[in-house]
Amino acid sequence: MELTLDTPLDMHLHLREGDMLRLVAPFSAAQFAGGVVMPNLVQPVDSLERVRAYRAAIAAACGAEPFVPYMTLFFRDYSREELVAAKEEIIGVKLYPAGITTQSEAGVRDFDRIGPTVALLEELDIPLLVHGETTGFVMDREEEFLAVYRWLAETFPRLRLVMEHITTAAAIEFLDRFETVAATVTLHHLLITLDDVAGSLLRPDLFCKPIAKTPRDRAALRQAVLGGHPRLLFGSDSAPHPRHKKECLGCAAGVFSAPVALPALVELFEQAGCLEHLPAFVSANARRLYRIELPAKGVRLARLPWRVPEHYARVCPFLAGKTLGWKLENDMAGPVSIERGQGRW
Ligand code: NCD
Ligand code: ZN
């Protein structure tokens with residue numbers, strides 16, 4: 001059996017830089033027509049100049065494979081001139097609370113001061129993408145941050161707001177109350193709970209921000225996603241870190257899911273008997289809400305057993321060693337070529 005997905009999109013993606021970019025970008029390009037690229041590089045992508053340089057580096061890393069990198073600016077105080085100049089070259093502005101996750105130290109420290117820039121985003125109709133966590137107790141961070149989302153949605157009623165990588169039943173309930181709000185959901189938050197991360201032997205490969213939550217939260221996410229919620233978008237939050245940054249004291253947050261994204265999603269939707277809702281989750285909802293127009297790209301998968309490699313160069317993928325029931329036809333998932341694997345990672 002075969003299945004073709006029309007123009008799939010990954011609406012939240014970390015591609016990194018340098019050797020890591022060259023290693024990981026081809027996995028996304030093989031599976032997706034485009035993706036929203038996060039700006040949390042070591043030096044954040046916070047100017048149009050840096051957007052352009054990063055886009056060029058991504059294009060070079062994707063080679064001949066058609067893949068549209070939808071660029072984001074790292075939130076800071078921007079002037080109207082800066083945002084007007086950047087508007088046609090970005091898909092949104094990404095806000096991180098300072099220090100909340102990998103490479104977010106330059107993020108927002110004082111939410112009382114973001115109003116003027118958010119007002120400009122609303123006026124210029126530039127989406128605001130938010131990593132919605134407080135610095136509270138780790139399991140409560142997303143729910144506590146809903147107060148900020150509420151303030152944003154009520155104060156800026158025309159702002160296009162995207163709650164990134166939601167993990168809780170409370171976030172799903174919130175989404176249903178505000179028509180202007182959309183949310184991304186990752187593959188791993190649909191599959192795992194905190195028990196998988198820390199219930200038995202500690203699993204650094206599954207440690208990410210936001211941390212995976214309770215079975216009840218996962219059930220609410222699954223119910224909304226598999227039930228075809230029109231404002232939920234697939235965003236892998238694929239976030240590669242080399243093994244020495246994961247398997248050490250002070251494990252970096254991030255799950256590298258790009259190589260398995262579509263095969264695992266197809267398997268999940270098929271097993272739930274909801275395959276008819278997959279095209280909206282991986283493409284149509286995002287195209288409608290973000291008003292994306294891009295050339296059609298069919299991505300084919302075959303119902304064949306596929307064992308996920310233990311690692312690609314020095315990075316371990318999500319579901320390493322597991323056998324999935326679906327395989328990409330354009331199989332980037334085999335051994336990484338010498339050329340791509342020979343960098344530092
Ligand atoms: C991401 C990363 O490594 O850049 N990590 C993560 O745990 N998700 C950053 C982020 O999206 O929080
Ligand atoms: Zn992310």
# chains A, B, ... in the order shown; residues from 1 in each chain; ligands from 1
>>> select_by_dssp(residues="region 77-318 of chain A", states="helix (DSSP H, G or I)", output="compact mmCIF listing (two decimals) with N, CA, C and O atoms, in the first residue's frame")
# COMPACT_ATOMS: atom_id res chain seq x y z
N ARG A 80 8.95 50.10 13.66
CA ARG A 80 8.05 49.92 12.53
C ARG A 80 8.86 49.71 11.24
O ARG A 80 8.54 48.83 10.44
N GLU A 81 9.91 50.51 11.05
CA GLU A 81 10.71 50.42 9.82
C GLU A 81 11.31 49.02 9.67
O GLU A 81 11.30 48.44 8.59
N GLU A 82 11.83 48.50 10.76
CA GLU A 82 12.44 47.16 10.70
C GLU A 82 11.40 46.12 10.30
O GLU A 82 11.67 45.24 9.48
N LEU A 83 10.21 46.21 10.90
CA LEU A 83 9.20 45.18 10.63
C LEU A 83 8.62 45.34 9.23
O LEU A 83 8.35 44.34 8.55
N VAL A 84 8.44 46.57 8.79
CA VAL A 84 7.93 46.79 7.42
C VAL A 84 8.93 46.21 6.42
O VAL A 84 8.57 45.50 5.48
N ALA A 85 10.22 46.44 6.66
CA ALA A 85 11.25 45.94 5.74
C ALA A 85 11.30 44.41 5.74
O ALA A 85 11.53 43.78 4.71
N ALA A 86 11.06 43.81 6.91
CA ALA A 86 11.20 42.35 7.02
C ALA A 86 9.95 41.59 6.60
O ALA A 86 10.03 40.40 6.26
N LYS A 87 8.81 42.26 6.62
CA LYS A 87 7.51 41.58 6.50
C LYS A 87 7.42 40.56 5.35
O LYS A 87 6.95 39.44 5.53
N GLU A 88 7.90 40.92 4.18
CA GLU A 88 7.77 40.02 3.03
C GLU A 88 8.74 38.85 3.09
O GLU A 88 8.63 37.91 2.32
N GLU A 89 9.71 38.91 3.99
CA GLU A 89 10.74 37.86 4.02
C GLU A 89 10.66 36.95 5.23
O GLU A 89 11.48 36.06 5.39
N PHE A 111 7.56 41.05 30.49
CA PHE A 111 6.42 41.03 29.57
C PHE A 111 5.63 42.34 29.60
O PHE A 111 4.85 42.61 28.69
N ASP A 112 5.86 43.16 30.63
CA ASP A 112 5.16 44.45 30.66
C ASP A 112 5.66 45.39 29.57
O ASP A 112 5.05 46.41 29.30
N ARG A 113 6.80 45.05 28.95
CA ARG A 113 7.39 45.97 27.98
C ARG A 113 7.23 45.55 26.53
O ARG A 113 7.77 46.19 25.63
N GLY A 115 4.43 45.30 24.76
CA GLY A 115 3.24 45.84 24.11
C GLY A 115 3.48 46.57 22.79
O GLY A 115 2.83 46.25 21.78
N PRO A 116 4.40 47.56 22.77
CA PRO A 116 4.56 48.33 21.53
C PRO A 116 4.94 47.47 20.32
O PRO A 116 4.41 47.66 19.22
N THR A 117 5.85 46.52 20.51
CA THR A 117 6.24 45.67 19.37
C THR A 117 5.08 44.73 18.97
O THR A 117 4.81 44.53 17.78
N VAL A 118 4.36 44.20 19.95
CA VAL A 118 3.23 43.33 19.63
C VAL A 118 2.16 44.13 18.88
O VAL A 118 1.55 43.62 17.93
N ALA A 119 1.95 45.38 19.29
CA ALA A 119 0.97 46.22 18.59
C ALA A 119 1.36 46.41 17.12
O ALA A 119 0.50 46.40 16.23
N LEU A 120 2.65 46.55 16.87
CA LEU A 120 3.11 46.68 15.47
C LEU A 120 2.85 45.39 14.70
O LEU A 120 2.45 45.41 13.53
N LEU A 121 3.09 44.25 15.34
CA LEU A 121 2.84 42.96 14.68
C LEU A 121 1.36 42.85 14.32
O LEU A 121 1.00 42.40 13.22
N GLU A 122 0.51 43.26 15.25
CA GLU A 122 -0.93 43.21 14.98
C GLU A 122 -1.27 44.11 13.80
O GLU A 122 -1.95 43.71 12.86
N GLU A 123 -0.76 45.33 13.85
CA GLU A 123 -1.09 46.30 12.79
C GLU A 123 -0.57 45.84 11.43
O GLU A 123 -1.26 45.95 10.42
N LEU A 124 0.64 45.28 11.41
CA LEU A 124 1.25 44.86 10.14
C LEU A 124 0.83 43.44 9.75
O LEU A 124 1.28 42.92 8.73
N ARG A 141 4.27 24.94 33.92
CA ARG A 141 4.70 26.14 33.20
C ARG A 141 3.78 26.55 32.06
O ARG A 141 3.50 27.72 31.86
N GLU A 142 3.34 25.57 31.28
CA GLU A 142 2.50 25.92 30.13
C GLU A 142 1.14 26.45 30.59
O GLU A 142 0.65 27.46 30.07
N GLU A 143 0.57 25.78 31.58
CA GLU A 143 -0.74 26.20 32.06
C GLU A 143 -0.65 27.61 32.67
O GLU A 143 -1.53 28.45 32.45
N GLU A 144 0.43 27.88 33.42
CA GLU A 144 0.58 29.21 34.00
C GLU A 144 0.71 30.28 32.91
O GLU A 144 0.24 31.40 33.07
N PHE A 145 1.35 29.92 31.82
CA PHE A 145 1.57 30.92 30.75
C PHE A 145 0.28 31.26 30.02
O PHE A 145 0.22 32.28 29.31
N LEU A 146 -0.77 30.47 30.21
CA LEU A 146 -2.04 30.78 29.52
C LEU A 146 -2.53 32.18 29.87
O LEU A 146 -3.23 32.82 29.08
N ALA A 147 -2.16 32.68 31.05
CA ALA A 147 -2.56 34.06 31.41
C ALA A 147 -1.95 35.06 30.44
O ALA A 147 -2.59 36.06 30.09
N VAL A 148 -0.71 34.82 30.02
CA VAL A 148 -0.07 35.72 29.06
C VAL A 148 -0.76 35.59 27.69
O VAL A 148 -1.04 36.58 27.02
N TYR A 149 -1.03 34.36 27.29
CA TYR A 149 -1.76 34.17 26.03
C TYR A 149 -3.11 34.90 26.06
O TYR A 149 -3.51 35.51 25.08
N ARG A 150 -3.77 34.79 27.21
CA ARG A 150 -5.09 35.45 27.31
C ARG A 150 -4.92 36.97 27.16
O ARG A 150 -5.66 37.61 26.42
N TRP A 151 -3.94 37.50 27.85
CA TRP A 151 -3.68 38.95 27.74
C TRP A 151 -3.38 39.33 26.29
O TRP A 151 -3.93 40.31 25.78
N LEU A 152 -2.56 38.55 25.62
CA LEU A 152 -2.24 38.86 24.22
C LEU A 152 -3.49 38.80 23.35
O LEU A 152 -3.76 39.70 22.55
N ALA A 153 -4.27 37.73 23.50
CA ALA A 153 -5.44 37.54 22.63
C ALA A 153 -6.51 38.61 22.90
O ALA A 153 -7.19 39.06 21.97
N GLU A 154 -6.63 39.05 24.16
CA GLU A 154 -7.66 40.04 24.48
C GLU A 154 -7.21 41.46 24.17
O GLU A 154 -7.99 42.30 23.72
N THR A 155 -5.92 41.73 24.39
CA THR A 155 -5.41 43.10 24.17
C THR A 155 -5.19 43.39 22.69
O THR A 155 -5.30 44.52 22.25
N ALA A 169 -3.95 19.58 28.24
CA ALA A 169 -5.40 19.66 28.03
C ALA A 169 -5.86 21.11 28.19
O ALA A 169 -6.74 21.58 27.46
N ALA A 170 -5.24 21.84 29.12
CA ALA A 170 -5.64 23.23 29.36
C ALA A 170 -5.39 24.10 28.13
O ALA A 170 -6.19 25.00 27.82
N ALA A 171 -4.30 23.84 27.41
CA ALA A 171 -4.02 24.63 26.21
C ALA A 171 -5.05 24.36 25.12
O ALA A 171 -5.45 25.26 24.38
N ILE A 172 -5.49 23.12 25.01
CA ILE A 172 -6.53 22.79 24.02
C ILE A 172 -7.82 23.54 24.36
O ILE A 172 -8.48 24.13 23.48
N GLU A 173 -8.18 23.56 25.65
CA GLU A 173 -9.40 24.29 26.06
C GLU A 173 -9.26 25.77 25.74
O GLU A 173 -10.20 26.41 25.26
N PHE A 174 -8.07 26.32 26.00
CA PHE A 174 -7.83 27.73 25.73
C PHE A 174 -8.01 28.03 24.24
O PHE A 174 -8.66 29.01 23.85
N LEU A 175 -7.45 27.18 23.41
CA LEU A 175 -7.51 27.36 21.96
C LEU A 175 -8.96 27.48 21.48
O LEU A 175 -9.28 28.28 20.60
N ASP A 176 -9.82 26.70 22.09
CA ASP A 176 -11.22 26.70 21.67
C ASP A 176 -11.94 27.99 22.03
O ASP A 176 -13.01 28.28 21.51
N ARG A 177 -11.33 28.79 22.92
CA ARG A 177 -11.99 30.04 23.32
C ARG A 177 -11.60 31.24 22.46
O ARG A 177 -12.25 32.27 22.52
N LEU A 187 5.16 15.70 17.15
CA LEU A 187 4.97 14.24 17.11
C LEU A 187 5.22 13.63 18.48
O LEU A 187 4.43 12.82 18.97
N HIS A 188 6.33 14.05 19.12
CA HIS A 188 6.68 13.36 20.37
C HIS A 188 5.66 13.62 21.47
O HIS A 188 5.39 12.72 22.28
N HIS A 189 5.04 14.82 21.50
CA HIS A 189 4.04 15.04 22.54
C HIS A 189 2.75 14.26 22.28
O HIS A 189 1.95 14.08 23.19
N LEU A 190 2.56 13.81 21.05
CA LEU A 190 1.42 12.93 20.77
C LEU A 190 1.72 11.48 21.17
O LEU A 190 0.82 10.68 21.34
N LEU A 191 3.01 11.17 21.30
CA LEU A 191 3.37 9.76 21.55
C LEU A 191 3.80 9.49 22.99
O LEU A 191 3.56 8.39 23.50
N LEU A 194 5.47 11.97 30.50
CA LEU A 194 6.63 12.11 31.39
C LEU A 194 7.18 10.75 31.82
O LEU A 194 8.37 10.60 32.06
N ASP A 195 6.29 9.77 31.89
CA ASP A 195 6.72 8.42 32.25
C ASP A 195 7.79 7.87 31.30
O ASP A 195 8.70 7.17 31.71
N ASP A 196 7.63 8.18 30.01
CA ASP A 196 8.63 7.71 29.04
C ASP A 196 9.98 8.38 29.25
O ASP A 196 11.02 7.80 28.99
N VAL A 197 9.94 9.63 29.71
CA VAL A 197 11.18 10.40 29.90
C VAL A 197 11.90 9.95 31.17
O VAL A 197 13.11 9.72 31.17
N ALA A 198 11.14 9.83 32.26
CA ALA A 198 11.79 9.66 33.57
C ALA A 198 11.16 8.56 34.43
O ALA A 198 11.55 8.38 35.58
N PRO A 204 17.51 10.81 28.04
CA PRO A 204 17.86 12.16 27.57
C PRO A 204 17.35 12.44 26.16
O PRO A 204 17.08 13.60 25.83
N ASP A 205 17.22 11.41 25.33
CA ASP A 205 16.74 11.65 23.96
C ASP A 205 15.31 12.18 23.95
O ASP A 205 14.87 12.78 22.96
N LEU A 206 14.56 11.93 25.05
CA LEU A 206 13.17 12.38 25.10
C LEU A 206 12.99 13.65 25.93
O LEU A 206 11.87 14.12 26.12
N PRO A 215 -0.69 11.40 31.07
CA PRO A 215 -1.52 10.66 30.11
C PRO A 215 -2.80 11.43 29.75
O PRO A 215 -3.26 11.40 28.62
N ARG A 216 -3.38 12.14 30.72
CA ARG A 216 -4.61 12.91 30.44
C ARG A 216 -4.33 14.02 29.43
O ARG A 216 -5.11 14.26 28.52
N ASP A 217 -3.20 14.69 29.59
CA ASP A 217 -2.83 15.75 28.64
C ASP A 217 -2.62 15.16 27.24
O ASP A 217 -3.10 15.70 26.24
N ARG A 218 -1.88 14.05 27.19
CA ARG A 218 -1.63 13.44 25.88
C ARG A 218 -2.95 13.01 25.23
O ARG A 218 -3.13 13.18 24.02
N ALA A 219 -3.87 12.49 26.03
CA ALA A 219 -5.16 12.06 25.47
C ALA A 219 -5.90 13.26 24.89
O ALA A 219 -6.52 13.16 23.82
N ALA A 220 -5.84 14.40 25.56
CA ALA A 220 -6.53 15.60 25.05
C ALA A 220 -5.89 16.08 23.75
O ALA A 220 -6.59 16.47 22.81
N LEU A 221 -4.55 16.04 23.70
CA LEU A 221 -3.86 16.43 22.45
C LEU A 221 -4.27 15.50 21.32
O LEU A 221 -4.58 15.94 20.21
N ARG A 222 -4.23 14.18 21.61
CA ARG A 222 -4.58 13.21 20.57
C ARG A 222 -6.01 13.39 20.09
O ARG A 222 -6.28 13.35 18.90
N GLN A 223 -6.89 13.58 21.03
CA GLN A 223 -8.30 13.71 20.66
C GLN A 223 -8.49 14.91 19.73
O GLN A 223 -9.19 14.81 18.71
N ALA A 224 -7.85 16.02 20.05
CA ALA A 224 -8.02 17.22 19.22
C ALA A 224 -7.34 17.06 17.86
O ALA A 224 -7.92 17.39 16.82
N VAL A 225 -6.12 16.54 17.86
CA VAL A 225 -5.37 16.40 16.60
C VAL A 225 -6.01 15.33 15.71
O VAL A 225 -6.28 15.57 14.52
N LEU A 226 -6.26 14.17 16.28
CA LEU A 226 -6.80 13.06 15.47
C LEU A 226 -8.24 13.33 15.07
O LEU A 226 -8.73 12.80 14.08
N ARG A 243 25.19 13.92 20.60
CA ARG A 243 25.08 13.02 21.75
C ARG A 243 25.81 13.53 22.98
O ARG A 243 25.32 13.38 24.10
N HIS A 244 26.97 14.14 22.78
CA HIS A 244 27.72 14.57 23.97
C HIS A 244 27.03 15.72 24.71
O HIS A 244 27.34 15.99 25.87
N LYS A 245 26.05 16.36 24.06
CA LYS A 245 25.27 17.40 24.76
C LYS A 245 24.00 16.82 25.38
O LYS A 245 23.32 17.48 26.15
N LYS A 246 23.64 15.59 24.98
CA LYS A 246 22.44 14.94 25.52
C LYS A 246 22.80 13.96 26.63
O LYS A 246 22.11 13.88 27.64
N ALA A 258 13.08 14.92 13.11
CA ALA A 258 12.91 15.14 11.67
C ALA A 258 12.96 13.86 10.83
O ALA A 258 12.11 13.67 9.95
N PRO A 259 13.88 12.92 11.09
CA PRO A 259 13.96 11.76 10.19
C PRO A 259 12.72 10.87 10.22
O PRO A 259 12.46 10.16 9.26
N VAL A 260 11.97 10.90 11.33
CA VAL A 260 10.85 9.97 11.47
C VAL A 260 9.49 10.65 11.36
O VAL A 260 8.45 9.98 11.50
N ALA A 261 9.46 11.95 11.12
CA ALA A 261 8.22 12.72 11.30
C ALA A 261 7.04 12.12 10.53
O ALA A 261 6.03 11.74 11.14
N LEU A 262 7.14 12.06 9.21
CA LEU A 262 5.95 11.62 8.46
C LEU A 262 5.65 10.14 8.64
O LEU A 262 4.47 9.78 8.84
N PRO A 263 6.62 9.23 8.56
CA PRO A 263 6.27 7.82 8.78
C PRO A 263 5.56 7.60 10.13
O PRO A 263 4.57 6.88 10.20
N ALA A 264 6.06 8.25 11.18
CA ALA A 264 5.44 8.04 12.49
C ALA A 264 4.06 8.68 12.58
O ALA A 264 3.15 8.15 13.22
N LEU A 265 3.87 9.83 11.93
CA LEU A 265 2.54 10.46 11.93
C LEU A 265 1.53 9.60 11.18
O LEU A 265 0.40 9.41 11.63
N VAL A 266 1.95 9.07 10.02
CA VAL A 266 1.03 8.22 9.26
C VAL A 266 0.64 7.01 10.10
O VAL A 266 -0.53 6.64 10.18
N GLU A 267 1.63 6.43 10.76
CA GLU A 267 1.33 5.25 11.60
C GLU A 267 0.34 5.60 12.71
O GLU A 267 -0.63 4.88 12.96
N LEU A 268 0.56 6.74 13.37
CA LEU A 268 -0.33 7.15 14.46
C LEU A 268 -1.75 7.38 13.96
O LEU A 268 -2.73 6.89 14.55
N PHE A 269 -1.90 8.12 12.88
CA PHE A 269 -3.24 8.41 12.35
C PHE A 269 -3.90 7.13 11.83
O PHE A 269 -5.11 6.94 11.99
N GLU A 270 -3.12 6.27 11.20
CA GLU A 270 -3.70 5.02 10.67
C GLU A 270 -4.20 4.14 11.82
O GLU A 270 -5.33 3.63 11.78
N GLN A 271 -3.36 4.01 12.85
CA GLN A 271 -3.77 3.14 13.97
C GLN A 271 -5.02 3.67 14.67
O GLN A 271 -5.81 2.91 15.19
N LEU A 275 -6.88 8.53 9.32
CA LEU A 275 -5.98 9.00 8.25
C LEU A 275 -6.56 10.17 7.46
O LEU A 275 -5.82 11.00 6.93
N GLU A 276 -7.89 10.23 7.41
CA GLU A 276 -8.52 11.31 6.62
C GLU A 276 -8.23 12.70 7.20
O GLU A 276 -8.34 13.71 6.51
N HIS A 277 -7.84 12.76 8.48
CA HIS A 277 -7.53 14.05 9.09
C HIS A 277 -6.06 14.45 9.00
O HIS A 277 -5.69 15.56 9.38
N LEU A 278 -5.23 13.55 8.50
CA LEU A 278 -3.80 13.86 8.45
C LEU A 278 -3.46 15.01 7.48
O LEU A 278 -2.67 15.88 7.82
N PRO A 279 -4.06 15.04 6.26
CA PRO A 279 -3.69 16.13 5.33
C PRO A 279 -3.95 17.53 5.90
O PRO A 279 -3.16 18.45 5.66
N ALA A 280 -5.01 17.70 6.66
CA ALA A 280 -5.26 19.03 7.24
C ALA A 280 -4.21 19.34 8.31
O ALA A 280 -3.69 20.46 8.36
N PHE A 281 -3.88 18.37 9.12
CA PHE A 281 -2.91 18.59 10.20
C PHE A 281 -1.52 18.91 9.66
O PHE A 281 -0.83 19.78 10.18
N VAL A 282 -1.10 18.21 8.60
CA VAL A 282 0.27 18.44 8.10
C VAL A 282 0.34 19.44 6.95
O VAL A 282 1.44 19.71 6.46
N SER A 283 -0.80 19.99 6.52
CA SER A 283 -0.68 20.94 5.42
C SER A 283 -1.81 21.97 5.35
O SER A 283 -1.57 23.16 5.47
N ALA A 284 -3.04 21.51 5.15
CA ALA A 284 -4.12 22.44 4.81
C ALA A 284 -4.37 23.49 5.89
O ALA A 284 -4.58 24.67 5.59
N ASN A 285 -4.36 23.08 7.17
CA ASN A 285 -4.60 24.06 8.23
C ASN A 285 -3.54 25.15 8.22
O ASN A 285 -3.85 26.34 8.36
N ALA A 286 -2.30 24.75 8.05
CA ALA A 286 -1.20 25.73 8.05
C ALA A 286 -1.31 26.64 6.83
O ALA A 286 -1.11 27.85 6.93
N ARG A 287 -1.61 26.07 5.69
CA ARG A 287 -1.70 26.90 4.48
C ARG A 287 -2.80 27.93 4.62
O ARG A 287 -2.65 29.09 4.21
N ARG A 288 -3.92 27.51 5.21
CA ARG A 288 -5.04 28.45 5.36
C ARG A 288 -4.72 29.53 6.40
O ARG A 288 -4.85 30.72 6.14
N LEU A 289 -4.24 29.11 7.57
CA LEU A 289 -4.05 30.07 8.66
C LEU A 289 -2.88 31.01 8.41
O LEU A 289 -2.94 32.19 8.73
N TYR A 290 -1.82 30.50 7.82
CA TYR A 290 -0.65 31.34 7.54
C TYR A 290 -0.71 31.96 6.14
O TYR A 290 0.18 32.68 5.76
>>> residues_near_ligand(ligand="ligand 1", cutoff="6 Å", atoms="only C-alpha atoms and all ligand atoms", output="list of chain:residue names")
A:His14, A:Thr101, A:Thr102, A:Cys208, A:Lys209, A:Asp237, A:Ala239, A:Ala253, A:Gly254
>>> atom_distance(atom1="CA of Pro309 (chain A)", atom2="CA of Thr7 (chain A)")
25.6 Å
>>> closest_atom_pairs(of="chain A", to="ligand 2", cutoff="12 Å", atoms="only C-alpha atoms and all ligand atoms", output="CSV")
residue,atom,partner,partner_atom_place_in_ligand_line,distance
A:Asp10,CA,ligand 2,1 (Zn),11.4
A:Met11,CA,ligand 2,1 (Zn),10.0
A:His12,CA,ligand 2,1 (Zn),6.2
A:Leu13,CA,ligand 2,1 (Zn),6.2
A:His14,CA,ligand 2,1 (Zn),6.2
A:Leu15,CA,ligand 2,1 (Zn),10.0
A:Arg16,CA,ligand 2,1 (Zn),11.1
A:Val36,CA,ligand 2,1 (Zn),10.1
A:Val37,CA,ligand 2,1 (Zn),9.0
A:Met38,CA,ligand 2,1 (Zn),6.6
A:Pro39,CA,ligand 2,1 (Zn),9.3
A:Asn40,CA,ligand 2,1 (Zn),8.5
A:Leu41,CA,ligand 2,1 (Zn),11.3
A:Thr72,CA,ligand 2,1 (Zn),11.9
A:Lys94,CA,ligand 2,1 (Zn),9.9
A:Leu95,CA,ligand 2,1 (Zn),10.9
A:Tyr96,CA,ligand 2,1 (Zn),9.7
A:Ile100,CA,ligand 2,1 (Zn),11.1
A:Thr101,CA,ligand 2,1 (Zn),8.5
A:Thr102,CA,ligand 2,1 (Zn),8.5
A:Gln103,CA,ligand 2,1 (Zn),10.3
A:Ser104,CA,ligand 2,1 (Zn),10.4
A:Leu129,CA,ligand 2,1 (Zn),10.5
A:Val130,CA,ligand 2,1 (Zn),9.8
A:His131,CA,ligand 2,1 (Zn),7.7
A:Gly132,CA,ligand 2,1 (Zn),10.9
A:Met163,CA,ligand 2,1 (Zn),11.3
A:Glu164,CA,ligand 2,1 (Zn),7.7
A:His165,CA,ligand 2,1 (Zn),7.4
A:Ile166,CA,ligand 2,1 (Zn),10.9
A:Thr184,CA,ligand 2,1 (Zn),10.2
A:Val185,CA,ligand 2,1 (Zn),10.7
A:Thr186,CA,ligand 2,1 (Zn),9.5
A:Cys208,CA,ligand 2,1 (Zn),9.0
A:Lys209,CA,ligand 2,1 (Zn),7.8
A:Pro210,CA,ligand 2,1 (Zn),9.1
A:Ile211,CA,ligand 2,1 (Zn),11.9
A:Gly235,CA,ligand 2,1 (Zn),8.6
A:Ser236,CA,ligand 2,1 (Zn),8.1
A:Asp237,CA,ligand 2,1 (Zn),4.4
A:Ser238,CA,ligand 2,1 (Zn),7.0
A:Ala239,CA,ligand 2,1 (Zn),6.5
A:Pro240,CA,ligand 2,1 (Zn),10.2
A:Ala253,CA,ligand 2,1 (Zn),9.6
A:Gly254,CA,ligand 2,1 (Zn),7.7
A:Val255,CA,ligand 2,1 (Zn),9.3
A:Phe256,CA,ligand 2,1 (Zn),10.6
A:Ser257,CA,ligand 2,1 (Zn),11.5
>>> closest_residue(among="A:Val108, A:Ile58, A:Ala98, A:Leu304", to="Asp77 (chain A)", atoms="only C-alpha atoms")
A:Val108
